Amino acid sequence: FLKSRALVPSVPNTMNAAIALDRLARADEALELYEALLTEFGPRMEEDDKRAVAAAMADLKKRVGSLDVSSNVEGTLVVDGRKRGTVPLTSPVKVLPGKHIVRVLRDGYAPGEAIATVTVGQAARVDVRLEALAASGRLAVTDDAAAPGVDVLVDGAPVGPAPWQGVLAPGRHVVSLRGKDVGTGPMVAHEEREQTLEQLL
């Protein structure tokens, strides 16, 4: 359903994806999709469908909390290894209750990281500080297979789709590619200079 929605978003594939995520106990993702469903297709939906969605959302809100993340720079927000938007946020992101690893990434800055504990129905506020790199190296990662929907992971965090290049702090970094049904083993990059890694899926 998510693959279908990525190609051509519609009421059926968005609703079915939300239902499936709910059944997989991924309540935060299901709630986000229901919200997207109403935002994108609300005026065209049948009243019965709207009532069903409202009831599902009310139930999901009893099972999730949220993260309100701020930072001293604009950057990519990664929660538990999954991209969740960009900082500054337009609204808190929905997450399951418990502890979460929150990271903010931006070229030219050392990644900022914090641990947040979220409770049901509450918004945990987190301020992540990033420091500009005094020295850096540039890494380029290529994907000869040119597979769609493949992300580059640096030190376990997704930094962007392949092919990708960016500025990293000097030192050792672990790089890999990850897609829906494909991926690579880790490769090690040493960022004291410009370097290109060729990853094969």
# chains A, B, ... in the order shown; residues from 1 in each chain; ligands from 1
call {"tool": "select_by_dssp", "arguments": {"residues": "chain A", "states": "strand (DSSP E or B)", "output": "MDAnalysis selection string"}}
result
chainID A and resid 65:71 75:79 82:87 93:95 98:105 109:110 112:118 123:128 131:132 137:143 151:154 157:161 164:168 172:178 183 187:190 195:199
call {"tool": "residues_around", "arguments": {"residues": "stretch 28-37 of chain A", "least_positions_apart": "5", "cutoff": "12 Å", "atoms": "only C-alpha atoms", "output": "ChimeraX atom specification"}}
result
/A:1-2,5,9-23,42-45,49-67,82-84,91-97,120-121
call {"tool": "closest_residue", "arguments": {"among": "A:Val87, A:Ala25, A:Ala134, A:Val8", "to": "A:Ser70", "atoms": "only C-alpha atoms"}}
result
A:Val87
call {"tool": "atom_distance", "arguments": {"atom1": "atom CA of A:Trp164", "atom2": "atom CA of A:Arg138"}}
result
10.6 Å
call {"tool": "select_by_dssp", "arguments": {"residues": "stretch 52-144 of chain A", "states": "helix (DSSP H, G or I)", "output": "number ranges by chain"}}
result
A: 52-61
call {"tool": "closest_residue", "arguments": {"among": "A:Ala169, A:Leu77, A:Ala114, A:Ala157", "to": "A:Ser136", "atoms": "only C-alpha atoms"}}
result
A:Ala169
call {"tool": "closest_residue", "arguments": {"among": "A:Gly112, A:Gly149, A:Pro158, A:Gly183", "to": "A:Ala6", "atoms": "only C-alpha atoms"}}
result
A:Gly149
call {"tool": "closest_atom_pairs", "arguments": {"of": "stretch 99-198 of chain A", "to": "stretch 71-76 of chain A", "cutoff": "12 Å", "atoms": "only C-alpha atoms", "output": "tab-separated table"}}
result
residue	atom	partner	partner_atom	distance
A:Val102	CA	A:Thr76	CA	10.6
A:Arg103	CA	A:Thr76	CA	8.1
A:Val104	CA	A:Thr76	CA	5.4
A:Leu105	CA	A:Thr76	CA	5.1
A:Arg106	CA	A:Gly75	CA	5.0
A:Asp107	CA	A:Gly75	CA	8.4
A:Gly108	CA	A:Gly75	CA	10.8
A:Tyr109	CA	A:Val73	CA	9.3
A:Ala110	CA	A:Gly75	CA	11.4
A:Pro111	CA	A:Gly75	CA	9.6
A:Gly112	CA	A:Ser71	CA	8.7
A:Glu113	CA	A:Ser71	CA	10.4
A:Ala114	CA	A:Ser71	CA	11.0
A:Arg125	CA	A:Ser71	CA	11.0
A:Val126	CA	A:Ser71	CA	8.4
A:Asp127	CA	A:Ser71	CA	5.4
A:Val128	CA	A:Ser71	CA	4.8
A:Arg129	CA	A:Ser71	CA	5.7
A:Leu130	CA	A:Asn72	CA	6.7
A:Glu131	CA	A:Asn72	CA	9.0
A:Ala132	CA	A:Val73	CA	9.9
A:Ala157	CA	A:Thr76	CA	10.4
A:Pro158	CA	A:Thr76	CA	9.3
A:Val159	CA	A:Thr76	CA	7.9
A:Gly160	CA	A:Thr76	CA	9.3
call {"tool": "closest_residue", "arguments": {"among": "A:Pro88, A:Pro161, A:Gly156, A:Gly137", "to": "A:Gly179", "atoms": "only C-alpha atoms"}}
result
A:Pro161
call {"tool": "closest_residue", "arguments": {"among": "A:Ala140, A:Met187, A:Leu24, A:Val150", "to": "A:Gln165", "atoms": "only C-alpha atoms"}}
result
A:Ala140
call {"tool": "atom_distance", "arguments": {"atom1": "atom CA of A:Val79", "atom2": "atom CA of A:Asp151"}}
result
15.2 Å
call {"tool": "atom_distance", "arguments": {"atom1": "atom CA of A:Val154", "atom2": "atom CA of A:Asp181"}}
result
18.9 Å
call {"tool": "residues_around", "arguments": {"residues": "A:Pro186", "least_positions_apart": "2", "cutoff": "9 Å", "atoms": "only C-alpha atoms", "output": "mmCIF file with N, CA, C and O atoms, in the first residue's frame"}}
result
data_model
loop_
_atom_site.group_PDB
_atom_site.id
_atom_site.type_symbol
_atom_site.label_atom_id
_atom_site.label_comp_id
_atom_site.auth_asym_id
_atom_site.auth_seq_id
_atom_site.Cartn_x
_atom_site.Cartn_y
_atom_site.Cartn_z
ATOM 1 N N VAL A 174 30.897 4.549 9.335
ATOM 2 C CA VAL A 174 30.370 3.319 8.740
ATOM 3 C C VAL A 174 29.230 3.693 7.798
ATOM 4 O O VAL A 174 28.284 4.381 8.191
ATOM 5 N N VAL A 175 29.334 3.247 6.554
ATOM 6 C CA VAL A 175 28.397 3.652 5.503
ATOM 7 C C VAL A 175 27.736 2.416 4.891
ATOM 8 O O VAL A 175 28.388 1.400 4.654
ATOM 9 N N SER A 176 26.426 2.503 4.631
ATOM 10 C CA SER A 176 25.720 1.414 3.952
ATOM 11 C C SER A 176 24.534 1.987 3.199
ATOM 12 O O SER A 176 24.179 3.156 3.347
ATOM 13 N N LEU A 177 23.913 1.149 2.369
ATOM 14 C CA LEU A 177 22.697 1.514 1.642
ATOM 15 C C LEU A 177 21.553 0.648 2.143
ATOM 16 O O LEU A 177 21.728 -0.528 2.457
ATOM 17 N N THR A 184 23.013 -3.178 1.581
ATOM 18 C CA THR A 184 24.406 -3.571 1.472
ATOM 19 C C THR A 184 24.976 -3.795 2.862
ATOM 20 O O THR A 184 24.416 -3.354 3.866
ATOM 21 N N VAL A 188 33.602 1.056 5.514
ATOM 22 C CA VAL A 188 34.233 2.040 6.395
ATOM 23 C C VAL A 188 34.849 3.150 5.564
ATOM 24 O O VAL A 188 35.566 2.894 4.589
#
call {"tool": "residues_around", "arguments": {"residues": "A:Ile115", "least_positions_apart": "5", "cutoff": "8 Å", "atoms": "only C-alpha atoms", "output": "PyMOL selection string"}}
result
chain A and resi 99-102
